[in-house]
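Peer 1: You'll find work-v9.txt just under this line, and it carries compact mmCIF, C-alpha atoms.
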```txt
# COMPACT_ATOMS: atom_id res chain seq x y z
CA MET A 656 3.45 -59.50 -5.91
CA GLU A 657 6.81 -61.19 -6.18
CA THR A 658 10.13 -59.45 -6.68
CA THR A 659 12.15 -60.38 -9.74
CA VAL A 660 15.86 -60.77 -9.04
CA LEU A 661 18.32 -60.90 -11.93
CA ILE A 662 21.59 -62.66 -11.15
CA PHE A 663 24.77 -61.84 -13.06
CA GLY A 664 28.17 -63.41 -13.60
CA GLN A 665 29.41 -66.16 -11.37
CA LEU A 666 26.69 -65.48 -8.81
CA THR A 667 24.55 -67.74 -11.00
CA ASP A 668 26.83 -70.61 -9.93
CA ILE A 669 25.51 -70.01 -6.40
CA THR A 670 21.85 -69.49 -7.24
CA GLY A 671 21.69 -71.95 -10.11
CA ALA A 672 19.57 -69.54 -12.16
CA ALA A 673 19.92 -66.13 -13.80
CA MET A 674 16.45 -65.07 -12.65
CA LEU A 675 14.70 -65.67 -9.35
CA GLU A 676 11.22 -64.82 -8.20
CA CYS A 677 11.36 -63.88 -4.53
CA MET A 678 8.69 -63.34 -1.94
CA ALA A 679 7.74 -59.67 -1.82
CA VAL A 680 9.68 -57.81 0.88
CA PRO A 681 9.71 -54.14 1.88
CA ASP A 682 13.32 -53.30 1.07
CA THR A 683 16.68 -54.53 -0.23
CA ASP A 684 17.92 -55.42 3.28
CA ALA A 685 15.05 -57.82 3.75
CA LEU A 686 15.57 -59.19 0.26
CA GLN A 687 19.25 -59.79 0.96
CA GLN A 688 18.39 -61.53 4.20
CA GLN A 689 15.96 -63.79 2.34
CA LEU A 690 18.50 -64.53 -0.41
CA HIS A 691 21.39 -65.17 1.96
CA GLN A 692 19.26 -67.59 3.92
CA LYS A 693 18.32 -69.51 0.80
CA TYR A 694 21.77 -69.27 -0.82
CA PRO A 695 24.40 -69.00 1.96
CA GLY A 696 27.15 -68.69 -0.69
CA LEU A 697 25.79 -65.26 -1.63
CA ALA A 698 26.62 -63.90 1.81
CA ALA A 699 30.30 -64.45 1.17
CA ALA A 700 30.26 -63.19 -2.44
CA LYS A 701 30.96 -59.67 -3.61
CA TYR A 702 28.21 -57.87 -5.52
CA VAL A 703 26.31 -54.63 -5.81
CA ILE A 704 22.55 -54.24 -5.92
CA ALA A 705 20.62 -52.27 -8.49
CA VAL A 706 16.91 -51.61 -8.08
CA ASP A 707 15.07 -50.84 -11.30
CA LYS A 708 18.45 -50.36 -12.98
CA ILE A 709 19.73 -47.82 -10.47
CA ILE A 710 22.70 -48.79 -8.36
CA CYS A 711 22.09 -48.54 -4.60
CA HIS A 712 24.68 -48.56 -1.87
CA GLN A 713 22.13 -48.22 0.92
CA ASN A 714 18.98 -49.99 1.94
CA THR A 715 16.37 -49.18 -0.70
CA VAL A 716 12.60 -49.50 -0.62
CA LEU A 717 11.17 -52.02 -3.07
CA ARG A 718 7.94 -51.17 -4.81
CA ALA A 719 5.48 -53.66 -6.26
CA GLY A 720 6.99 -55.04 -9.44
CA SER A 721 10.52 -53.78 -8.75
CA THR A 722 13.31 -55.60 -10.55
CA VAL A 723 16.47 -56.13 -8.54
CA ALA A 724 19.83 -57.01 -10.07
CA LEU A 725 22.85 -58.50 -8.29
CA LEU A 726 26.06 -57.63 -10.13
CA PRO A 727 29.48 -58.99 -9.17
CA PRO A 728 32.75 -57.39 -10.25
CA PHE A 729 34.60 -59.07 -13.15
CA SER A 730 38.36 -59.01 -13.48
CA GLY A 731 39.03 -60.84 -16.75
CA GLY A 732 40.41 -59.21 -19.85
CA MET B 599 55.64 -51.00 -50.04
CA TYR B 600 53.57 -48.31 -48.39
CA ARG B 601 53.39 -45.08 -50.31
CA PHE B 602 51.85 -41.77 -49.39
CA GLU B 603 48.16 -42.39 -49.64
CA ASP B 604 45.03 -40.45 -50.11
CA MET B 605 43.78 -40.09 -46.54
CA ASP B 606 40.36 -39.05 -47.79
CA GLU B 607 40.01 -42.44 -49.38
CA ARG B 608 41.18 -44.46 -46.36
CA TYR B 609 38.67 -42.82 -44.04
CA HIS B 610 36.00 -42.08 -46.65
CA ARG B 611 33.33 -44.45 -45.33
CA GLN B 612 33.32 -42.93 -41.85
CA VAL B 613 33.91 -39.33 -42.95
CA ILE B 614 30.66 -39.42 -44.96
CA LEU B 615 28.75 -40.36 -41.82
CA LYS B 616 26.30 -37.80 -40.53
CA ASN B 617 27.83 -35.79 -37.66
CA PHE B 618 31.24 -37.44 -38.15
CA GLY B 619 32.66 -35.65 -41.21
CA SER B 620 36.20 -34.47 -41.74
CA ALA B 621 35.97 -32.62 -38.41
CA GLY B 622 35.48 -35.94 -36.62
CA GLN B 623 38.35 -37.47 -38.57
CA GLN B 624 40.61 -34.58 -37.63
CA LYS B 625 39.79 -35.14 -33.96
CA LEU B 626 40.76 -38.80 -34.24
CA LEU B 627 43.99 -38.01 -36.11
CA GLN B 628 45.02 -35.63 -33.33
CA ALA B 629 44.03 -37.95 -30.49
CA LYS B 630 46.24 -40.10 -28.28
CA VAL B 631 44.73 -43.29 -26.86
CA LEU B 632 46.43 -45.58 -24.35
CA VAL B 633 45.46 -49.25 -24.20
CA VAL B 634 46.60 -50.99 -21.02
CA GLY B 635 46.71 -54.74 -21.57
CA ALA B 636 47.19 -56.36 -24.97
CA GLY B 637 45.06 -59.39 -24.09
CA GLY B 638 41.55 -60.30 -25.20
CA LEU B 639 40.07 -56.82 -24.79
CA GLY B 640 43.13 -54.99 -26.13
CA CYS B 641 43.38 -57.25 -29.18
CA ALA B 642 39.79 -56.36 -30.07
CA ALA B 643 39.93 -52.62 -29.40
CA LEU B 644 43.35 -51.92 -30.94
CA PRO B 645 42.73 -52.82 -34.61
CA TYR B 646 39.62 -50.63 -34.76
CA LEU B 647 41.33 -47.65 -33.12
CA VAL B 648 44.28 -47.94 -35.48
CA ALA B 649 42.06 -48.53 -38.51
CA ALA B 650 39.91 -45.52 -37.61
CA GLY B 651 42.97 -43.29 -37.69
CA VAL B 652 43.57 -42.43 -34.04
CA GLY B 653 46.79 -40.41 -34.32
CA THR B 654 48.78 -42.03 -31.53
CA VAL B 655 48.06 -45.38 -29.90
CA GLY B 656 50.02 -46.55 -26.85
CA ILE B 657 50.04 -50.20 -25.76
CA VAL B 658 51.23 -51.27 -22.30
CA ASP B 659 51.82 -54.96 -21.55
CA ASP B 660 54.74 -56.92 -20.11
CA ASP B 661 53.44 -60.34 -21.11
CA VAL B 662 54.44 -62.75 -23.88
CA VAL B 663 52.07 -64.68 -26.13
CA SER B 664 50.95 -68.08 -24.77
CA LEU B 665 49.15 -70.89 -26.55
CA ASN B 666 46.12 -70.52 -24.29
CA ASN B 667 45.81 -66.84 -25.28
CA LEU B 668 45.15 -67.61 -28.93
CA HIS B 669 41.49 -68.61 -28.67
CA ARG B 670 40.64 -64.97 -27.94
CA GLN B 671 43.70 -62.77 -28.58
CA THR B 672 43.41 -62.61 -32.34
CA LEU B 673 46.24 -60.16 -33.03
CA TYR B 674 48.70 -63.01 -32.48
CA ALA B 675 49.70 -66.01 -34.55
CA THR B 676 50.74 -69.44 -33.36
CA ALA B 677 54.31 -68.60 -34.38
CA ASP B 678 54.25 -65.66 -31.93
CA ILE B 679 54.17 -67.89 -28.85
CA GLY B 680 56.85 -66.76 -26.42
CA LEU B 681 57.26 -63.34 -28.03
CA PRO B 682 56.33 -60.05 -26.28
CA LYS B 683 52.74 -59.12 -27.04
CA VAL B 684 53.33 -55.40 -27.48
CA PHE B 685 55.90 -55.87 -30.25
CA ARG B 686 53.82 -58.43 -32.15
CA ALA B 687 50.76 -56.20 -31.78
CA LYS B 688 52.67 -53.14 -32.95
CA GLN B 689 53.94 -54.89 -36.06
CA LYS B 690 50.51 -56.16 -37.03
CA LEU B 691 48.80 -52.83 -36.32
CA GLN B 692 51.44 -50.81 -38.12
CA ALA B 693 50.82 -52.90 -41.23
CA LEU B 694 47.11 -52.19 -40.92
CA ASN B 695 47.63 -48.42 -40.83
CA PRO B 696 51.18 -47.10 -41.31
CA GLY B 697 50.02 -43.52 -40.69
CA VAL B 698 49.33 -44.16 -36.99
CA GLN B 699 52.03 -43.58 -34.40
CA ILE B 700 52.20 -46.72 -32.28
CA GLN B 701 54.04 -46.59 -28.98
CA ALA B 702 54.77 -49.98 -27.41
CA TYR B 703 55.55 -50.11 -23.69
CA HIS B 704 56.93 -53.55 -22.88
CA GLU B 705 56.52 -53.12 -19.16
CA ARG B 706 53.97 -53.62 -16.45
CA LEU B 707 51.97 -50.58 -15.42
CA THR B 708 52.84 -49.81 -11.79
CA VAL B 709 52.26 -46.93 -9.40
CA HIS B 710 55.72 -45.69 -10.40
CA ASN B 711 55.20 -45.41 -14.16
CA ALA B 712 51.40 -45.15 -14.44
CA LEU B 713 51.05 -41.40 -13.97
CA SER B 714 53.90 -40.47 -16.30
CA ILE B 715 52.67 -42.81 -19.07
CA ILE B 716 48.96 -41.96 -18.79
CA GLU B 717 49.64 -38.23 -18.61
CA GLY B 718 50.65 -38.18 -22.28
CA TYR B 719 47.31 -39.56 -23.51
CA ASP B 720 43.79 -38.18 -23.96
CA ILE B 721 41.87 -41.30 -22.94
CA VAL B 722 42.70 -44.73 -21.52
CA ILE B 723 41.32 -48.21 -22.22
CA ASP B 724 41.51 -50.72 -19.38
CA GLY B 725 42.04 -54.14 -20.91
CA THR B 726 43.84 -55.71 -17.95
CA ASP B 727 42.96 -59.00 -16.30
CA ASN B 728 43.25 -58.43 -12.54
CA PHE B 729 41.72 -56.26 -9.83
CA ALA B 730 44.99 -54.72 -8.65
CA SER B 731 45.61 -53.23 -12.11
CA ARG B 732 42.00 -52.19 -12.54
CA TYR B 733 41.89 -50.21 -9.28
CA MET B 734 45.31 -48.73 -9.99
CA ILE B 735 44.32 -47.56 -13.50
CA ASN B 736 41.02 -46.20 -12.20
CA ASP B 737 42.73 -44.23 -9.44
CA ALA B 738 45.50 -42.97 -11.75
CA CYS B 739 42.88 -41.68 -14.19
CA VAL B 740 41.02 -39.94 -11.36
CA VAL B 741 44.25 -38.35 -10.09
CA LEU B 742 45.10 -37.15 -13.62
CA ASN B 743 41.49 -36.42 -14.58
CA LYS B 744 41.66 -38.67 -17.68
CA PRO B 745 38.64 -40.40 -19.21
CA LEU B 746 38.77 -44.18 -18.80
CA VAL B 747 36.93 -46.79 -20.81
CA TYR B 748 36.62 -49.72 -18.45
CA ALA B 749 35.69 -53.24 -19.45
CA ALA B 750 35.98 -56.68 -17.89
CA VAL B 751 34.83 -60.15 -18.83
CA SER B 752 34.01 -63.38 -17.05
CA GLN B 753 32.83 -66.62 -18.63
CA PHE B 754 29.98 -65.49 -20.94
CA GLU B 755 29.44 -61.95 -19.63
CA GLY B 756 31.15 -58.60 -19.93
CA GLN B 757 30.90 -55.12 -18.41
CA VAL B 758 31.69 -51.79 -20.11
CA ALA B 759 31.57 -48.20 -18.88
CA LEU B 760 33.07 -44.77 -19.51
CA PHE B 761 34.48 -43.30 -16.31
CA ASN B 762 35.80 -39.99 -15.17
CA VAL B 763 34.20 -37.65 -17.69
CA PRO B 764 32.23 -34.57 -16.67
CA VAL B 765 28.88 -36.18 -17.55
CA ASN B 766 26.35 -37.71 -15.13
CA GLY B 767 28.41 -36.98 -12.03
CA GLY B 768 31.79 -38.07 -13.39
CA CYS B 769 31.61 -41.55 -11.89
CA ASN B 770 34.48 -44.00 -11.67
CA TYR B 771 34.96 -47.69 -10.89
CA ARG B 772 34.99 -47.08 -7.13
CA ASP B 773 31.48 -45.63 -7.36
CA ILE B 774 30.33 -49.12 -8.35
CA PHE B 775 32.77 -51.29 -6.42
CA PRO B 776 34.40 -49.07 -3.76
CA GLN B 777 37.09 -51.58 -2.90
CA PRO B 778 38.61 -54.70 -4.40
CA PRO B 779 37.10 -58.04 -3.47
CA ALA B 780 38.93 -60.34 -1.10
CA GLU B 781 40.86 -63.12 -2.79
CA ASP B 782 38.14 -65.70 -2.22
CA GLU B 783 35.21 -63.49 -3.19
CA VAL B 784 35.66 -63.69 -6.99
CA GLN B 785 37.31 -66.28 -9.21
CA ASN B 786 39.81 -64.96 -11.73
CA CYS B 787 39.73 -65.55 -15.48
CA ALA B 788 42.08 -68.52 -15.41
CA GLU B 789 39.83 -70.30 -12.89
CA ALA B 790 36.49 -69.22 -14.32
CA GLY B 791 37.19 -69.41 -18.07
CA VAL B 792 36.02 -67.10 -20.84
CA LEU B 793 34.30 -67.61 -24.19
CA GLY B 794 36.83 -66.53 -26.84
CA VAL B 795 34.52 -64.24 -28.80
CA LEU B 796 33.36 -62.41 -25.65
CA PRO B 797 36.36 -60.09 -25.13
CA GLY B 798 36.17 -59.50 -28.90
CA ILE B 799 32.66 -58.09 -28.53
CA ILE B 800 33.41 -56.15 -25.34
CA GLY B 801 36.78 -54.82 -26.57
CA THR B 802 35.20 -53.46 -29.75
CA MET B 803 32.55 -51.79 -27.58
CA GLN B 804 35.43 -50.08 -25.77
CA ALA B 805 36.82 -48.88 -29.10
CA ALA B 806 33.36 -47.54 -30.02
CA GLU B 807 33.17 -45.60 -26.74
CA VAL B 808 36.62 -44.08 -27.36
CA ILE B 809 35.72 -43.04 -30.90
CA LYS B 810 32.41 -41.53 -29.79
CA TRP B 811 34.03 -39.67 -26.91
CA LEU B 812 36.83 -38.28 -29.07
CA THR B 813 34.56 -37.20 -31.92
CA GLY B 814 31.67 -36.10 -29.70
CA ILE B 815 29.02 -38.16 -31.48
CA GLY B 816 26.20 -40.14 -29.90
CA SER B 817 25.63 -40.98 -26.24
CA THR B 818 28.48 -42.55 -24.33
CA LEU B 819 28.34 -44.95 -21.38
CA ALA B 820 29.14 -42.15 -18.93
CA GLY B 821 27.19 -42.82 -15.73
CA ARG B 822 26.07 -46.22 -16.99
CA LEU B 823 27.47 -49.70 -16.54
CA LEU B 824 26.54 -51.91 -19.48
CA THR B 825 26.46 -55.66 -18.99
CA TYR B 826 26.45 -58.00 -21.98
CA ASN B 827 25.51 -61.68 -21.88
CA ALA B 828 26.70 -63.70 -24.87
CA LEU B 829 24.67 -66.78 -23.94
CA GLN B 830 21.39 -64.88 -23.81
CA GLN B 831 22.51 -62.33 -26.42
CA SER B 832 21.17 -59.68 -24.08
CA LEU B 833 22.20 -56.31 -22.70
CA PHE B 834 21.43 -54.88 -19.27
CA GLU B 835 22.49 -51.50 -18.00
CA ILE B 836 22.48 -49.83 -14.63
CA HIS B 837 22.80 -46.18 -13.75
CA VAL B 838 25.73 -45.28 -11.56
CA SER B 839 26.03 -42.34 -9.20
CA PRO B 840 28.85 -41.03 -6.99
CA ASN B 841 29.40 -43.08 -3.84
CA ASP B 842 30.97 -41.69 -0.64
CA THR B 843 32.72 -44.90 0.36
CA GLY B 844 34.48 -45.07 -2.99
CA ARG B 845 35.50 -41.42 -2.77
CA MET B 846 36.94 -41.96 0.70
CA LEU B 847 39.04 -44.94 -0.31
CA MET B 848 40.52 -43.14 -3.33
CA PRO B 849 44.12 -41.90 -2.97
CA ALA B 850 43.87 -38.15 -2.43
CA ASP B 851 46.67 -37.13 -4.78
CA ALA B 852 49.62 -38.34 -6.87
CA THR B 853 51.81 -38.88 -3.80
CA ALA B 854 49.16 -41.00 -2.06
CA PHE B 855 48.59 -42.89 -5.31
CA MET B 856 52.27 -43.76 -5.66
CA ALA B 857 52.36 -44.98 -2.06
CA THR B 858 49.38 -47.32 -2.56
CA LYS B 859 50.21 -51.03 -2.69
CA TYR B 860 47.67 -52.24 -5.22
CA GLU B 861 49.21 -55.69 -5.49
CA GLN B 862 48.47 -56.28 -1.83
CA LEU B 863 45.12 -54.53 -1.79
CA CYS B 864 43.50 -57.61 -0.36
CA GLY B 865 45.54 -57.16 2.77
CA THR B 866 47.11 -53.72 2.93
CA VAL B 867 47.36 -53.60 6.66
CA PRO B 868 50.41 -53.71 8.92
CA ASP B 869 51.13 -57.07 10.55
CA GLY B 870 49.28 -57.78 13.75
CA ILE B 871 46.29 -55.54 13.10
CA GLU B 872 44.18 -58.38 11.77
CA ILE B 873 43.08 -60.89 14.39
CA ASP B 874 41.14 -64.13 13.98
CA SER B 875 37.83 -64.96 15.67
CA ARG B 876 39.52 -66.63 18.64
CA ARG B 877 41.73 -63.64 19.44
CA PHE B 878 38.82 -61.32 18.74
CA ASN B 879 36.71 -63.11 21.36
CA ARG B 880 39.53 -62.83 23.87
CA ARG B 881 39.82 -59.08 23.24
CA LEU B 882 36.05 -58.77 23.68
CA GLN B 883 36.46 -59.72 27.34
CA GLU B 884 38.95 -56.93 28.04
CA SER B 885 37.91 -53.69 29.70
CA ASN B 886 38.18 -50.26 28.05
CA THR B 887 37.31 -51.88 24.70
CA ILE B 888 34.87 -50.67 22.07
CA VAL B 889 33.60 -52.74 19.14
CA ILE B 890 32.70 -50.90 15.93
CA ASP B 891 30.70 -52.31 13.03
CA VAL B 892 31.95 -50.33 10.00
CA ARG B 893 29.33 -51.71 7.63
CA GLU B 894 26.55 -49.52 6.26
CA PHE B 895 23.41 -49.24 8.36
CA HIS B 896 21.38 -51.50 6.09
CA GLU B 897 23.79 -54.41 6.07
CA VAL B 898 22.87 -57.76 7.52
CA PRO B 899 23.28 -59.88 9.57
CA LEU B 900 22.69 -57.66 12.56
CA VAL B 901 25.17 -58.54 15.26
CA GLN B 902 23.62 -58.97 18.69
CA GLN B 903 26.00 -61.55 20.10
CA PHE B 904 28.26 -58.84 21.54
CA LYS B 905 27.91 -55.14 22.22
CA ASN B 906 28.90 -52.94 19.28
CA ILE B 907 28.28 -49.53 17.78
CA LYS B 908 27.78 -48.79 14.11
CA VAL B 909 30.02 -46.27 12.32
CA PRO B 910 30.00 -46.91 8.55
CA LEU B 911 33.47 -46.63 7.04
CA PRO B 912 32.74 -43.44 5.04
CA GLN B 913 31.77 -41.61 8.26
CA LEU B 914 34.64 -42.91 10.37
CA ARG B 915 36.87 -39.86 10.06
CA ASP B 916 34.02 -37.58 11.17
CA LYS B 917 33.22 -39.67 14.25
CA LEU B 918 36.68 -39.96 15.76
CA ASP B 919 35.71 -38.04 18.89
CA THR B 920 33.14 -40.72 19.79
CA ILE B 921 35.87 -43.33 20.09
CA ASN B 922 37.08 -43.04 23.69
CA ALA B 923 38.20 -46.57 24.54
CA GLY B 924 41.83 -47.63 24.60
CA THR B 925 41.25 -50.74 22.49
CA ILE B 926 39.20 -50.62 19.30
CA LEU B 927 37.88 -53.79 17.68
CA LEU B 928 36.58 -53.33 14.15
CA PHE B 929 34.51 -55.65 12.02
CA CYS B 930 32.62 -55.67 8.73
CA GLN B 931 31.21 -58.35 6.44
CA SER B 932 34.40 -59.93 5.10
CA GLY B 933 37.17 -58.15 7.00
CA LYS B 934 38.22 -55.85 4.18
CA ARG B 935 36.53 -52.62 5.14
CA SER B 936 37.41 -53.12 8.79
CA ALA B 937 41.03 -53.56 7.70
CA GLN B 938 40.79 -50.23 5.86
CA ALA B 939 39.21 -48.69 8.94
CA ALA B 940 42.02 -50.12 11.10
CA LYS B 941 44.54 -48.50 8.80
CA VAL B 942 42.81 -45.13 9.10
CA LEU B 943 42.51 -45.35 12.90
CA THR B 944 46.11 -46.50 13.33
CA GLU B 945 47.23 -43.49 11.32
CA VAL B 946 45.09 -41.17 13.44
CA PHE B 947 45.73 -42.56 16.92
CA GLY B 948 49.24 -43.95 16.48
CA ALA B 949 50.46 -45.72 19.61
CA ASN B 950 47.77 -44.13 21.79
CA LYS B 951 45.20 -46.82 21.09
CA LYS B 952 45.25 -50.49 20.17
CA VAL B 953 43.34 -51.10 16.92
CA TYR B 954 42.32 -54.53 15.61
CA SER B 955 40.32 -55.75 12.62
CA LEU B 956 38.37 -59.03 12.66
CA LYS B 957 39.89 -61.21 9.93
CA GLY B 958 37.29 -62.85 7.69
CA GLY B 959 34.65 -60.47 8.97
CA ILE B 960 31.42 -61.29 10.73
CA VAL B 961 30.69 -63.97 8.15
CA GLN B 962 33.69 -65.98 9.34
CA TRP B 963 33.02 -65.15 12.99
CA LEU B 964 29.45 -66.50 12.77
CA LYS B 965 30.72 -69.67 11.13
CA GLU B 966 33.10 -70.28 13.99
CA ASN B 967 30.76 -69.21 16.78
CA GLN B 968 27.54 -70.99 15.87
CA GLN B 969 25.87 -72.76 18.76
```
Here is the file; what I need is its structure written in the form of structure tokens.
Peer 2:
Amino acid sequence: METTVLIFGQLTDITGAAMLECMAVPDTDALQQQLHQKYPGLAAAKYVIAVDKIICHQNTVLRAGSTVALLPPFSGG
Amino acid sequence: MYRFEDMDERYHRQVILKNFGSAGQQKLLQAKVLVVGAGGLGCAALPYLVAAGVGTVGIVDDDVVSLNNLHRQTLYATADIGLPKVFRAKQKLQALNPGVQIQAYHERLTVHNALSIIEGYDIVIDGTDNFASRYMINDACVVLNKPLVYAAVSQFEGQVALFNVPVNGGCNYRDIFPQPPAEDEVQNCAEAGVLGVLPGIIGTMQAAEVIKWLTGIGSTLAGRLLTYNALQQSLFEIHVSPNDTGRMLMPADATAFMATKYEQLCGTVPDGIEIDSRRFNRRLQESNTIVIDVREFHEVPLVQQFKNIKVPLPQLRDKLDTINAGTILLFCQSGKRSAQAAKVLTEVFGANKKVYSLKGGIVQWLKENQQ
């Protein structure tokens, strides 16, 4: 089963899409590695990861059908 | 001319709301709300706060109206170009509801005035347009224990949250983004652009959060970060919980807050502490040197090109006794956390040890050292 990754803000300029279907991987570290390989610009961008709508600051296990979101900070007002 | 009015009539349509009532109206009339930034977000939030009868509304902004503000900052007219925003806003808002006390601060919020201004208010709206101000307002509200309604916009998307209230762990901005991005990590509004109606939607959401918090109705965005996408007309929310790294980087008290250089947050380290990849490699060859990766354990890429130990930034202060070498080389992903770590270690060890942070982080190092 693939992992759905939702991309927010200007990160979509790097990925070219607001939603990606990624190869299933065991955890967020592996997912990040996969994404950074495919989109090197992501490695240099600032964002946080949420798994199934819960923010995670540490490597997090991905279950079948998990939805991951990459959220960058915004500064505009 | 304005004459004494029947307050019941002005607020009738919201007073008759279930759970709002005259008790809710009384709470608003007695409340003091500070809006920092009279730009796109402020222009949207302010009229609704004033119209709803918030007793005192403060507005902080040192800017004047520009032509390129007018597509989104709807409190201002074309004839206002060049005039201070706070005074134009005050005049317009006062006409909307003469019963509200409007305090205009035509100054920039800084570490020197932030605490004394914010202290006089019950809740703060962040409507600023840069990271330095956002982190400063967040930290000031934590130091003073004031609720903060955060929002920010970029292009077609916006974020809103209620921080620093005793609900869902009392989270703040640093629990989501512990430290400001480096200059090149995020484009600012002027570079990225913004759809005019977007701050209107997000700013009115901020006003709604303030009104709900003050009157105690409904469920607020405490512990949640709401993201809105105008292009998709969709909402997405994530749950936020306290984060140790953010807590560690927060100024401990008012004195530490006032000493923080938010404007230079992207590089708040003494000269000479940051070294580039070339100098880093030279230091690597020296004896009595230890290299510390201050990233979290899960972060990639793993660095195997040179010997290093991992001490994530939040744990650094607890692991000081493991650092025996005379020279300490620190790195992280982009060079920001390692710069923070270098600051901490320099404070702790003083002249006893040499401390360096890899500028540009491992990302830059790998770029320059690829075979």
Peer 1: Which chain A residues have any atom within 8 Å of an atom of chain B, and for each, what is the nearest pair of atoms with distance in Å to one decimal, counting all atoms listed in the file, rows sorted by chain and number, as CSV?
Peer 2:
```
residue,atom,partner,partner_atom,distance
A:Gly664,CA,B:Glu755,CA,6.3
A:Gln665,CA,B:Ser752,CA,7.8
A:Asp684,CA,B:His896,CA,5.9
A:Gln687,CA,B:Val898,CA,7.8
A:Gln688,CA,B:Val898,CA,6.7
A:Ala698,CA,B:Val961,CA,7.5
A:Ala699,CA,B:Glu783,CA,6.6
A:Ala700,CA,B:Glu783,CA,5.0
A:Lys701,CA,B:Glu783,CA,5.7
A:Val703,CA,B:Ile774,CA,7.3
A:Ala705,CA,B:Ile836,CA,6.9
A:Lys708,CA,B:Ile836,CA,4.4
A:Ile709,CA,B:His837,CA,4.8
A:Ile710,CA,B:Val838,CA,5.6
A:His712,CA,B:Asn841,CA,7.5
A:Gln713,CA,B:His896,CA,6.2
A:Asn714,CA,B:His896,CA,5.0
A:Pro728,CA,B:Phe775,CA,7.2
A:Phe729,CA,B:Ala750,CA,5.5
A:Ser730,CA,B:Asn728,CA,5.0
A:Gly731,CA,B:Asp727,CA,4.4
A:Gly732,CA,B:Asp727,CA,4.4
```
Peer 1: Quick one: residues within 6 Å of Thr659 (chain A), only C-alpha atoms counted, chain neighbours fewer than 5 positions away excluded, as a list of chain:residue names?
Peer 2: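 Within the cut-off, the hits are A:Leu675, A:Glu676, A:Thr722.
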Peer 1: Work out how far apart CA of Arg893 (chain B) and CA of Ser936 (chain B) are and give it in Å to one decimal.
Peer 2: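 Computing it gives 8.3 Å between the two atoms.
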Peer 1: Go through B:Tyr954, B:Leu829, B:Leu691, B:Leu819 one by one, measure the shortest atom-to-atom distance of each to Phe663 (chain A) using only C-alpha atoms, and give the residue with the smallest value.
Peer 2: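 Nearest candidate to Phe663 (chain A) out of B:Tyr954, B:Leu829, B:Leu691, B:Leu819: B:Leu829.
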Peer 1: Go ahead and compute the interatomic distance for CA of Ala759 (chain B) and CA of Val747 (chain B), in Å to one decimal.
Peer 2: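 One can read the CA of Ala759 (chain B) to CA of Val747 (chain B) distance as 5.9 Å.
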Peer 1: For a test of reading the model, state the distance in Å between CA of Ala693 (chain B) and CA of Gly680 (chain B), rounded to one decimal.
Peer 2: 21.2 Å
Peer 1: When you look at Cys930 (chain B) with a cut-off of 8 Å (counting only C-alpha atoms), what residues show up, excluding the ones that are within fewer than 3 positions of it in the same chain? I need them as a VMD selection string.
Peer 2: chain B and resid 891 to 893 933 to 936 956 959 to 960
Peer 1: Just C-alpha atoms for this one: save the residues we selected as a compact mmCIF listing (two decimals), in the coordinates of the input.
Peer 2:
```
# COMPACT_ATOMS: atom_id res chain seq x y z
CA ASP B 891 30.70 -52.31 13.03
CA VAL B 892 31.95 -50.33 10.00
CA ARG B 893 29.33 -51.71 7.63
CA GLY B 933 37.17 -58.15 7.00
CA LYS B 934 38.22 -55.85 4.18
CA ARG B 935 36.53 -52.62 5.14
CA SER B 936 37.41 -53.12 8.79
CA LEU B 956 38.37 -59.03 12.66
CA GLY B 959 34.65 -60.47 8.97
CA ILE B 960 31.42 -61.29 10.73
```
Peer 1: Taking (39.3, -62.7, 13.7) in the file's coordinates as the center, which residues reach within 8 Å of it, counting all atoms listed in the file, put as a compact mmCIF listing (two decimals) with C-alpha atoms, keeping the file's coordinate frame?
Peer 2:
```txt
# COMPACT_ATOMS: atom_id res chain seq x y z
CA GLU B 872 44.18 -58.38 11.77
CA ILE B 873 43.08 -60.89 14.39
CA ASP B 874 41.14 -64.13 13.98
CA SER B 875 37.83 -64.96 15.67
CA ARG B 876 39.52 -66.63 18.64
CA ARG B 877 41.73 -63.64 19.44
CA PHE B 878 38.82 -61.32 18.74
CA SER B 955 40.32 -55.75 12.62
CA LEU B 956 38.37 -59.03 12.66
CA LYS B 957 39.89 -61.21 9.93
CA GLY B 958 37.29 -62.85 7.69
CA GLY B 959 34.65 -60.47 8.97
CA GLN B 962 33.69 -65.98 9.34
CA TRP B 963 33.02 -65.15 12.99
```
Peer 1: Taking all listed atoms of region 842-860 of chain B, build the axis-aligned box, pad each of the six sides by 3 Å, then write its centre and edge lengths in Å to one decimal as JSON.
Peer 2:
```
{"center_x": 41.7, "center_y": -44.7, "center_z": -3.1, "size_x": 27.4, "size_y": 21.1, "size_z": 13.6}
```
Peer 1: So that I can see what lies close to Asn736 (chain B), please list as a compact mmCIF listing (two decimals) with C-alpha atoms, keeping the file's coordinate frame the residues with an atom at most 10 Å from it, counting all atoms listed in the file and leaving out residues fewer than 4 positions away in the same chain.
Peer 2:
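result.txt, freshly written:
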```txt
# COMPACT_ATOMS: atom_id res chain seq x y z
CA VAL B 722 42.70 -44.73 -21.52
CA ASP B 724 41.51 -50.72 -19.38
CA SER B 731 45.61 -53.23 -12.11
CA ARG B 732 42.00 -52.19 -12.54
CA VAL B 740 41.02 -39.94 -11.36
CA VAL B 741 44.25 -38.35 -10.09
CA LYS B 744 41.66 -38.67 -17.68
CA PRO B 745 38.64 -40.40 -19.21
CA LEU B 746 38.77 -44.18 -18.80
CA VAL B 747 36.93 -46.79 -20.81
CA TYR B 748 36.62 -49.72 -18.45
CA PHE B 761 34.48 -43.30 -16.31
CA ASN B 762 35.80 -39.99 -15.17
CA ASN B 770 34.48 -44.00 -11.67
CA TYR B 771 34.96 -47.69 -10.89
CA ARG B 772 34.99 -47.08 -7.13
CA MET B 848 40.52 -43.14 -3.33
```
